[in-house]
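Asks: Sharing a structure below in structure tokens format, with a few things to ask.
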Amino acid sequence: MKFTHLVTKTLRQDPPDAETASHRLMLKAGLIHQVAAGVYAYLPLAWRSLRKIENIIRQEMDAAGSQELLMPTLQPAELWDQSGRRSAFGDNLFQLKDRRGRSMVLAPTHEEVITNIVKANVQSYRDLPVILYQIQTKFRDEPRPRAGLIRVREFAMKDAYSFNGDEDSLEQSYQAMAQAYRNIYQRCDLPVLMAEADSGAIGGKDSHEFILPTAVGEDTVITCQFCGYTANAEKATAAFPDLPDEPELPLEEVSTPGVKTIAALAELLKIPESKTLKAVFYTADRELVFITIRGDLEVNEVKLTNLLHAHDLRLATDEEVKAAGLVAGSASPIGIEGIRRVADPSITKGNNFAVGANQPEIHLKNANYPRDFQVDDLIDIALAQPGQMCVHCGQTLEATRGVEVGHIFKLGTFYSETLGALYLDQDGQQQPIIMGCYGIGVGRLLAAAIEQNHDEKGMIFPGPVAPYQVHLVGLNLNDETVSASADQLYRELWDLGIETLYDDRVDQAPGVKFNDADLLGLPLRLVVSPRNLNSGMVELKGRRDGEAEQIARGNIIEEVKQRLAIQ
């Protein structure tokens, strides 16, 4: 491709309103064009990279025994009513009506359709297992699209679905997909973390995310460098040391004027926050829930949502707390009845806690569970944080921010039972098919790769996903000798299948061309100029290299092949 033929143009100034490096650089380099909020056109350079990613995905999915198909994005809403996910997705689901008034949806995912396809084609255990996948456009009406391709409303996704007869077979499919994902990211030259994860609205049991570390990521991964434990913060668990064991003391009222926070209570009583119990109030599907957790910890709302099976979880308002007869800032579970009480096991990691007295400006010392209060649920609802202890080896946990670029689930039998996808087992009995689901956001993967690989000058494309492998720059192309030499090298590279972008612009200064080469960030830059030609050399520079090298013209092709690991 010649630069003068590119439909897109690079920008000299950073585009306004770009939130992240990938968003800014992809706009500046002419990779994407914004059509609407969260809706982008992939321009030729980006499309080349996306096709390379897709080809790697296809090769690894096929090698793992998957079969590719293509399903429609437009789906009848009654399918989503059957599964119950029309209401579960809520406003994130794009909905419309056709000319006959029938309700339709633009699919954010394809569990319902794929289950019906398998229902029509699988009758016996002999037809199992099977894994089907597609690379298809998805639609989600995100309330806050952001960061270019990181969070959008229309996006390309590889989604795969496994269908198995038993849990052992599902585990085999799950591990095959996990390995395929590891192969995909390795081939894309992207170091990802495989983290235990929450299944979210799609549902399911076991679940893992693949996180590409980057500072602008929306996900936080908790890791242990000693034993390798890795989990999304929404799923992670941590160990909390027991406080020194003390004889249980009798409850004692304490006057606490103006004290409404754990920090203020700990300061007044000269105790650590770990010696207090925190009261937090939520409404879960309009039901008030009283949460008790040790004062030095925070509530993990994802864990709480899963425990309560809530569609709508939020912090209760002051009015809702007051209407329930509770005293915000001085509440405790002591004496509380008629409200669902949920507590974290951290309340058992110590005794003689300071708690609210359920009276304004009064607290209690020496509260102990279960002597002084009961709860309805005692279950892990704590948010794991860096600095806490690993539950597996006791070492200190760390945190890494990143972007989710893949997610795999064990779905179980929810969809097959709901939609009637059954098979006859070896005894002739009908059984629900056991399912798994496996997704990769293709555009997000490209954006995440740029987030992790850039500098102040521009993008630094990983070789396997770069739109072109070589950026050939011709200087002083008004000189016919230089122009002919650059044209000849361009043809030689393409004849060998080396994908080359040739900056053949005659009217641009060398500085502009070098800046554009750095911005586009292709793996290798070659420069043909009068000075180089006079000495029989071509300048070669890797995008990550500090200095350029002079390579003899007769050796340049072999040097490029060696640098690109081309046989």
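In the structure tokens, the first chain shown is A, the next is B, and so on; residue numbers restart at 1 for each chain, and ligands run from 1 in the order shown.
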Can you tell me, as a ChimeraX atom specification, which residues in stretch 146-361 of chain A count as alpha helix (DSSP H) by DSSP?
Replies: /A:167-187,262-269,301-308,318-323
Asks: DSSP on the backbone: what in stretch 95-200 of chain A comes out strand (DSSP E), as an MDAnalysis selection string?
Replies: chainID A and resid 95:97 103:106 130:139 154:164 193:196
Asks: Next, the residues of the selection above should be written as an mmCIF file, in the first residue's frame with N, CA and C atoms.
Replies:
```
data_model
loop_
_atom_site.group_PDB
_atom_site.id
_atom_site.type_symbol
_atom_site.label_atom_id
_atom_site.label_comp_id
_atom_site.auth_asym_id
_atom_site.auth_seq_id
_atom_site.Cartn_x
_atom_site.Cartn_y
_atom_site.Cartn_z
ATOM 1 N N GLN A 95 -33.881 -2.794 21.604
ATOM 2 C CA GLN A 95 -35.148 -3.407 21.240
ATOM 3 C C GLN A 95 -35.827 -2.575 20.167
ATOM 4 N N LEU A 96 -36.565 -3.255 19.295
ATOM 5 C CA LEU A 96 -37.283 -2.576 18.220
ATOM 6 C C LEU A 96 -38.466 -3.427 17.811
ATOM 7 N N LYS A 97 -39.306 -2.881 16.938
ATOM 8 C CA LYS A 97 -40.441 -3.630 16.396
ATOM 9 C C LYS A 97 -40.341 -3.652 14.877
ATOM 10 N N SER A 103 -41.979 -7.706 18.398
ATOM 11 C CA SER A 103 -40.823 -7.224 19.151
ATOM 12 C C SER A 103 -39.576 -7.996 18.745
ATOM 13 N N MET A 104 -38.497 -7.248 18.499
ATOM 14 C CA MET A 104 -37.216 -7.823 18.111
ATOM 15 C C MET A 104 -36.130 -7.223 18.992
ATOM 16 N N VAL A 105 -34.990 -7.901 19.046
ATOM 17 C CA VAL A 105 -33.830 -7.366 19.754
ATOM 18 C C VAL A 105 -32.609 -7.465 18.848
ATOM 19 N N LEU A 106 -31.658 -6.548 19.076
ATOM 20 C CA LEU A 106 -30.336 -6.650 18.468
ATOM 21 C C LEU A 106 -29.440 -7.362 19.473
ATOM 22 N N VAL A 130 -20.005 -31.013 21.171
ATOM 23 C CA VAL A 130 -19.831 -30.160 20.012
ATOM 24 C C VAL A 130 -19.533 -28.742 20.498
ATOM 25 N N ILE A 131 -18.661 -28.035 19.783
ATOM 26 C CA ILE A 131 -18.359 -26.635 20.077
ATOM 27 C C ILE A 131 -18.572 -25.838 18.797
ATOM 28 N N LEU A 132 -19.406 -24.817 18.873
ATOM 29 C CA LEU A 132 -19.710 -23.958 17.734
ATOM 30 C C LEU A 132 -19.281 -22.537 18.055
ATOM 31 N N TYR A 133 -18.787 -21.825 17.038
ATOM 32 C CA TYR A 133 -18.380 -20.443 17.279
ATOM 33 C C TYR A 133 -18.677 -19.571 16.075
ATOM 34 N N GLN A 134 -18.691 -18.271 16.310
ATOM 35 C CA GLN A 134 -18.860 -17.293 15.247
ATOM 36 C C GLN A 134 -18.049 -16.049 15.584
ATOM 37 N N ILE A 135 -17.802 -15.226 14.575
ATOM 38 C CA ILE A 135 -17.297 -13.865 14.781
ATOM 39 C C ILE A 135 -18.366 -12.957 14.204
ATOM 40 N N GLN A 136 -19.031 -12.224 15.077
ATOM 41 C CA GLN A 136 -20.268 -11.545 14.704
ATOM 42 C C GLN A 136 -20.374 -10.212 15.433
ATOM 43 N N THR A 137 -21.175 -9.319 14.897
ATOM 44 C CA THR A 137 -21.419 -8.012 15.527
ATOM 45 C C THR A 137 -22.409 -8.162 16.668
ATOM 46 N N LYS A 138 -22.111 -7.490 17.775
ATOM 47 C CA LYS A 138 -22.992 -7.488 18.951
ATOM 48 C C LYS A 138 -23.401 -6.050 19.258
ATOM 49 N N PHE A 139 -24.516 -5.908 19.962
ATOM 50 C CA PHE A 139 -25.046 -4.592 20.301
ATOM 51 C C PHE A 139 -25.408 -4.539 21.785
ATOM 52 N N GLU A 154 -21.647 -0.989 19.692
ATOM 53 C CA GLU A 154 -21.624 -1.974 18.610
ATOM 54 C C GLU A 154 -20.197 -2.474 18.481
ATOM 55 N N PHE A 155 -20.011 -3.795 18.491
ATOM 56 C CA PHE A 155 -18.651 -4.323 18.521
ATOM 57 C C PHE A 155 -18.595 -5.709 17.908
ATOM 58 N N ALA A 156 -17.410 -6.060 17.424
ATOM 59 C CA ALA A 156 -17.175 -7.393 16.875
ATOM 60 C C ALA A 156 -16.737 -8.324 18.005
ATOM 61 N N MET A 157 -17.295 -9.519 18.013
ATOM 62 C CA MET A 157 -16.999 -10.463 19.096
ATOM 63 C C MET A 157 -16.927 -11.882 18.538
ATOM 64 N N LYS A 158 -15.973 -12.619 19.034
ATOM 65 C CA LYS A 158 -15.962 -14.063 18.808
ATOM 66 C C LYS A 158 -16.669 -14.707 19.987
ATOM 67 N N ASP A 159 -17.771 -15.376 19.737
ATOM 68 C CA ASP A 159 -18.439 -16.106 20.812
ATOM 69 C C ASP A 159 -18.579 -17.568 20.408
ATOM 70 N N ALA A 160 -18.202 -18.432 21.350
ATOM 71 C CA ALA A 160 -18.252 -19.877 21.130
ATOM 72 C C ALA A 160 -19.111 -20.511 22.214
ATOM 73 N N TYR A 161 -19.687 -21.658 21.891
ATOM 74 C CA TYR A 161 -20.583 -22.350 22.815
ATOM 75 C C TYR A 161 -20.297 -23.846 22.738
ATOM 76 N N SER A 162 -20.095 -24.448 23.905
ATOM 77 C CA SER A 162 -19.873 -25.894 23.948
ATOM 78 C C SER A 162 -21.125 -26.588 24.466
ATOM 79 N N PHE A 163 -21.340 -27.806 23.973
ATOM 80 C CA PHE A 163 -22.506 -28.611 24.351
ATOM 81 C C PHE A 163 -22.003 -30.005 24.715
ATOM 82 N N ASN A 164 -22.303 -30.411 25.949
ATOM 83 C CA ASN A 164 -21.734 -31.646 26.495
ATOM 84 C C ASN A 164 -22.795 -32.466 27.207
ATOM 85 N N LEU A 193 -3.530 -12.048 31.831
ATOM 86 C CA LEU A 193 -3.715 -12.774 33.081
ATOM 87 C C LEU A 193 -5.044 -13.514 33.015
ATOM 88 N N MET A 194 -5.046 -14.792 33.350
ATOM 89 C CA MET A 194 -6.279 -15.567 33.413
ATOM 90 C C MET A 194 -6.767 -15.529 34.853
ATOM 91 N N ALA A 195 -7.897 -14.864 35.071
ATOM 92 C CA ALA A 195 -8.367 -14.581 36.426
ATOM 93 C C ALA A 195 -9.728 -15.201 36.682
ATOM 94 N N GLU A 196 -9.912 -15.753 37.878
ATOM 95 C CA GLU A 196 -11.241 -16.186 38.293
ATOM 96 C C GLU A 196 -12.177 -14.987 38.245
#
```
Asks: Please measure the separation of atom CA of A:Pro467 and atom CA of A:Ala552, giving the value in Å to one decimal.
Replies: 26.4 Å
Asks: Which polymer residues have any atom within 8 Å of an atom of stretch 314-316 of chain A, counting only C-alpha atoms, with same-chain residues fewer than 3 positions away left out, as a compact mmCIF listing (two decimals) with N, CA and C atoms, in the first residue's frame?
Replies:
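See part.txt below for the written result:
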```
# COMPACT_ATOMS: atom_id res chain seq x y z
N VAL A 280 -24.01 -1.26 56.93
CA VAL A 280 -24.27 -0.70 55.61
C VAL A 280 -25.65 -1.15 55.17
N PHE A 281 -26.42 -0.25 54.58
CA PHE A 281 -27.80 -0.57 54.20
C PHE A 281 -27.95 -0.54 52.69
N TYR A 282 -28.53 -1.61 52.16
CA TYR A 282 -28.82 -1.71 50.73
C TYR A 282 -30.30 -1.99 50.53
N THR A 283 -30.77 -1.64 49.33
CA THR A 283 -32.06 -2.15 48.89
C THR A 283 -31.79 -3.11 47.74
N ALA A 284 -32.36 -4.31 47.87
CA ALA A 284 -32.22 -5.34 46.85
C ALA A 284 -33.60 -5.64 46.31
N LEU A 288 -35.12 -3.85 51.92
CA LEU A 288 -34.00 -3.32 52.69
C LEU A 288 -33.21 -4.47 53.28
N GLU A 320 -35.05 5.89 53.21
CA GLU A 320 -35.40 4.47 53.36
C GLU A 320 -34.87 3.92 54.68
N VAL A 321 -33.68 4.35 55.07
CA VAL A 321 -33.11 3.89 56.34
C VAL A 321 -33.95 4.40 57.50
```
Asks: Report as a PyMOL selection string all protein, DNA and RNA residues lying within 9 Å of A:Leu170, evaluated on only C-alpha atoms, omitting residues in the same chain fewer than 4 positions from it.
Replies: chain A and resi 129+162-166+174-175+410+412+434-436
Asks: Dump N, CA, C and O atoms for the selected residues as a PDB file, in the first residue's frame?
Replies:
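Result file follows (result_17.pdb):
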```pdb
ATOM      1  N   PRO A 129     -19.683 -34.483  22.295  1.00  0.00           N
ATOM      2  CA  PRO A 129     -19.779 -33.029  22.479  1.00  0.00           C
ATOM      3  C   PRO A 129     -19.626 -32.284  21.158  1.00  0.00           C
ATOM      4  O   PRO A 129     -19.168 -32.846  20.160  1.00  0.00           O
ATOM      5  N   SER A 162     -20.095 -24.448  23.905  1.00  0.00           N
ATOM      6  CA  SER A 162     -19.873 -25.894  23.948  1.00  0.00           C
ATOM      7  C   SER A 162     -21.125 -26.588  24.466  1.00  0.00           C
ATOM      8  O   SER A 162     -21.867 -26.037  25.291  1.00  0.00           O
ATOM      9  N   PHE A 163     -21.340 -27.806  23.973  1.00  0.00           N
ATOM     10  CA  PHE A 163     -22.506 -28.611  24.351  1.00  0.00           C
ATOM     11  C   PHE A 163     -22.003 -30.005  24.715  1.00  0.00           C
ATOM     12  O   PHE A 163     -21.369 -30.673  23.904  1.00  0.00           O
ATOM     13  N   ASN A 164     -22.303 -30.411  25.949  1.00  0.00           N
ATOM     14  CA  ASN A 164     -21.734 -31.646  26.495  1.00  0.00           C
ATOM     15  C   ASN A 164     -22.795 -32.466  27.207  1.00  0.00           C
ATOM     16  O   ASN A 164     -23.824 -31.951  27.635  1.00  0.00           O
ATOM     17  N   GLY A 165     -22.466 -33.762  27.354  1.00  0.00           N
ATOM     18  CA  GLY A 165     -23.411 -34.654  27.998  1.00  0.00           C
ATOM     19  C   GLY A 165     -23.232 -34.782  29.491  1.00  0.00           C
ATOM     20  O   GLY A 165     -24.146 -35.224  30.192  1.00  0.00           O
ATOM     21  N   ASP A 166     -22.048 -34.459  30.016  1.00  0.00           N
ATOM     22  CA  ASP A 166     -21.824 -34.563  31.455  1.00  0.00           C
ATOM     23  C   ASP A 166     -20.765 -33.549  31.882  1.00  0.00           C
ATOM     24  O   ASP A 166     -20.135 -32.888  31.043  1.00  0.00           O
ATOM     25  N   TYR A 174     -14.045 -26.961  28.360  1.00  0.00           N
ATOM     26  CA  TYR A 174     -13.656 -25.713  29.024  1.00  0.00           C
ATOM     27  C   TYR A 174     -12.141 -25.539  28.999  1.00  0.00           C
ATOM     28  O   TYR A 174     -11.626 -24.464  28.673  1.00  0.00           O
ATOM     29  N   GLN A 175     -11.427 -26.592  29.316  1.00  0.00           N
ATOM     30  CA  GLN A 175      -9.967 -26.520  29.326  1.00  0.00           C
ATOM     31  C   GLN A 175      -9.412 -26.375  27.912  1.00  0.00           C
ATOM     32  O   GLN A 175      -8.396 -25.696  27.701  1.00  0.00           O
ATOM     33  N   LYS A 410     -18.765 -21.580  32.453  1.00  0.00           N
ATOM     34  CA  LYS A 410     -19.509 -22.835  32.473  1.00  0.00           C
ATOM     35  C   LYS A 410     -20.969 -22.472  32.747  1.00  0.00           C
ATOM     36  O   LYS A 410     -21.328 -22.093  33.859  1.00  0.00           O
ATOM     37  N   GLY A 412     -23.701 -24.468  32.459  1.00  0.00           N
ATOM     38  CA  GLY A 412     -24.556 -25.499  33.043  1.00  0.00           C
ATOM     39  C   GLY A 412     -25.755 -25.793  32.154  1.00  0.00           C
ATOM     40  O   GLY A 412     -25.663 -25.807  30.927  1.00  0.00           O
ATOM     41  N   ILE A 434     -25.462 -29.878  28.722  1.00  0.00           N
ATOM     42  CA  ILE A 434     -24.678 -28.982  29.582  1.00  0.00           C
ATOM     43  C   ILE A 434     -23.852 -28.062  28.691  1.00  0.00           C
ATOM     44  O   ILE A 434     -23.175 -28.524  27.768  1.00  0.00           O
ATOM     45  N   MET A 435     -23.894 -26.766  28.982  1.00  0.00           N
ATOM     46  CA  MET A 435     -23.329 -25.781  28.067  1.00  0.00           C
ATOM     47  C   MET A 435     -22.168 -24.995  28.675  1.00  0.00           C
ATOM     48  O   MET A 435     -22.058 -24.846  29.888  1.00  0.00           O
ATOM     49  N   GLY A 436     -21.322 -24.471  27.793  1.00  0.00           N
ATOM     50  CA  GLY A 436     -20.288 -23.510  28.143  1.00  0.00           C
ATOM     51  C   GLY A 436     -20.309 -22.373  27.138  1.00  0.00           C
ATOM     52  O   GLY A 436     -20.838 -22.509  26.031  1.00  0.00           O
TER      53      GLY A 436
END
```
Asks: For A:Thr214, which residue among A:Asp62, A:Asp376, A:Glu404, A:Glu19 is the nearest when counting only C-alpha atoms?
Replies: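 Closest to A:Thr214 of all the choices is A:Glu404.
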Asks: Considering only C-alpha atoms, return as an NGL selection string whatever protein or nucleic-acid residues lie within 10 Å of A:Gly394, sequence-local ones (same chain, fewer than 3 positions apart) excluded.
Replies: :A and (224 or 226-227 or 238-241 or 388-391 or 397)
Asks: How about saving the chosen residues, N, CA and C atoms kept, as a tab-separated table (two decimals), in the first residue's frame?
Replies:
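That gives us selection-v3.tsv:
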```
chain	number	residue	atom	x	y	z
A	224	CYS	N	-1.53	-13.04	43.54
A	224	CYS	CA	-0.52	-13.44	44.51
A	224	CYS	C	0.71	-13.88	43.72
A	226	PHE	N	3.28	-15.29	44.76
A	226	PHE	CA	3.93	-16.47	45.33
A	226	PHE	C	3.28	-17.77	44.83
A	227	CYS	N	1.95	-17.84	44.90
A	227	CYS	CA	1.29	-19.10	44.50
A	227	CYS	C	0.56	-18.99	43.18
A	238	ALA	N	-9.92	-12.94	50.17
A	238	ALA	CA	-8.68	-12.67	50.90
A	238	ALA	C	-8.82	-13.18	52.31
A	239	ALA	N	-7.69	-13.44	52.94
A	239	ALA	CA	-7.67	-13.88	54.34
A	239	ALA	C	-7.38	-12.67	55.23
A	240	PHE	N	-8.06	-12.62	56.34
A	240	PHE	CA	-7.87	-11.53	57.30
A	240	PHE	C	-7.39	-12.13	58.61
A	241	PRO	N	-6.32	-11.61	59.14
A	241	PRO	CA	-5.81	-12.19	60.38
A	241	PRO	C	-6.80	-12.02	61.53
A	388	GLN	N	-3.85	-7.31	51.61
A	388	GLN	CA	-4.43	-8.38	52.41
A	388	GLN	C	-3.72	-9.69	52.11
A	389	MET	N	-4.11	-10.77	52.79
A	389	MET	CA	-3.39	-12.03	52.68
A	389	MET	C	-4.07	-12.99	51.71
A	390	CYS	N	-3.27	-13.73	50.97
A	390	CYS	CA	-3.77	-14.74	50.06
A	390	CYS	C	-4.41	-15.88	50.85
A	391	VAL	N	-5.58	-16.32	50.41
A	391	VAL	CA	-6.28	-17.41	51.11
A	391	VAL	C	-5.58	-18.74	50.90
A	397	LEU	N	-1.28	-9.98	48.96
A	397	LEU	CA	-1.91	-9.83	47.66
A	397	LEU	C	-1.52	-8.50	47.02
```
Asks: Show which residues sit within 8 Å of A:Leu50, as an MDAnalysis selection string. Count only C-alpha atoms, and ignore same-chain residues fewer than 3 positions away.
Replies: chainID A and resid 46:47 53:54 442:443 446 465
Asks: If you count only C-alpha atoms, which residues fall within 8 Å of A:Glu417, apart from same-chain ones fewer than 4 positions away, as a list in words?
Replies: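 Listing them by chain and then by number gives Thr413, Ala421, Leu422, Pro432 and Ile433 of chain A.
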Asks: Just checking: using only C-alpha atoms, which residue out of A:Leu297, A:Val259, A:Ile551, A:Leu419 ends up closest to A:Trp80?
Replies: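 Result for the nearest residue to A:Trp80: A:Leu419.
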Asks: For A:Leu445, which residue out of A:Ala233, A:Val405, A:Ile566, A:Ala354 is the nearest one, using only C-alpha atoms?
Replies: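 Residue with the minimum atom-to-atom distance to A:Leu445: A:Val405.
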Asks: Could you jot down the atom CA of A:Val355 to atom CA of A:Thr396 separation for me, Å, one decimal place?
Replies: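 Straight-line distance from atom CA of A:Val355 to atom CA of A:Thr396 works out to 28.7 Å.
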Asks: Could you tell me how far atom CA of A:Leu411 lies from atom CA of A:Cys437, in Å and to one decimal?
Replies: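 Value for the atom CA of A:Leu411-atom CA of A:Cys437 distance: 6.6 Å.
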Asks: Hey, which of A:Arg140, A:Arg102, A:Arg444, A:Arg24 ends up closest to A:Glu456? Count only C-alpha atoms.
Replies: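 Using only C-alpha atoms, the shortest distance to A:Glu456 belongs to A:Arg24.
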Asks: Give me the residues of stretch 437-464 of chain A that have any atom at most 10 Å from an atom of stretch 512-535 of chain A; for each, the nearest atom pair and the distance in Å, rounded to one decimal. Use only C-alpha atoms, sort by chain and number, and format it as JSON lines.
Replies:
```
{"residue": "A:Ile450", "atom": "CA", "partner": "A:Gly521", "partner_atom": "CA", "distance": 9.7}
{"residue": "A:Asn453", "atom": "CA", "partner": "A:Gly521", "partner_atom": "CA", "distance": 9.3}
{"residue": "A:His454", "atom": "CA", "partner": "A:Gly521", "partner_atom": "CA", "distance": 8.1}
{"residue": "A:Asp455", "atom": "CA", "partner": "A:Leu519", "partner_atom": "CA", "distance": 9.2}
{"residue": "A:Glu456", "atom": "CA", "partner": "A:Leu519", "partner_atom": "CA", "distance": 9.0}
{"residue": "A:Lys457", "atom": "CA", "partner": "A:Asp518", "partner_atom": "CA", "distance": 5.8}
{"residue": "A:Gly458", "atom": "CA", "partner": "A:Leu519", "partner_atom": "CA", "distance": 3.9}
{"residue": "A:Met459", "atom": "CA", "partner": "A:Gly521", "partner_atom": "CA", "distance": 4.6}
{"residue": "A:Ile460", "atom": "CA", "partner": "A:Gly521", "partner_atom": "CA", "distance": 4.4}
{"residue": "A:Phe461", "atom": "CA", "partner": "A:Gly521", "partner_atom": "CA", "distance": 5.6}
{"residue": "A:Pro462", "atom": "CA", "partner": "A:Pro523", "partner_atom": "CA", "distance": 7.2}
{"residue": "A:Gly463", "atom": "CA", "partner": "A:Pro523", "partner_atom": "CA", "distance": 5.8}
{"residue": "A:Pro464", "atom": "CA", "partner": "A:Pro523", "partner_atom": "CA", "distance": 9.5}
```
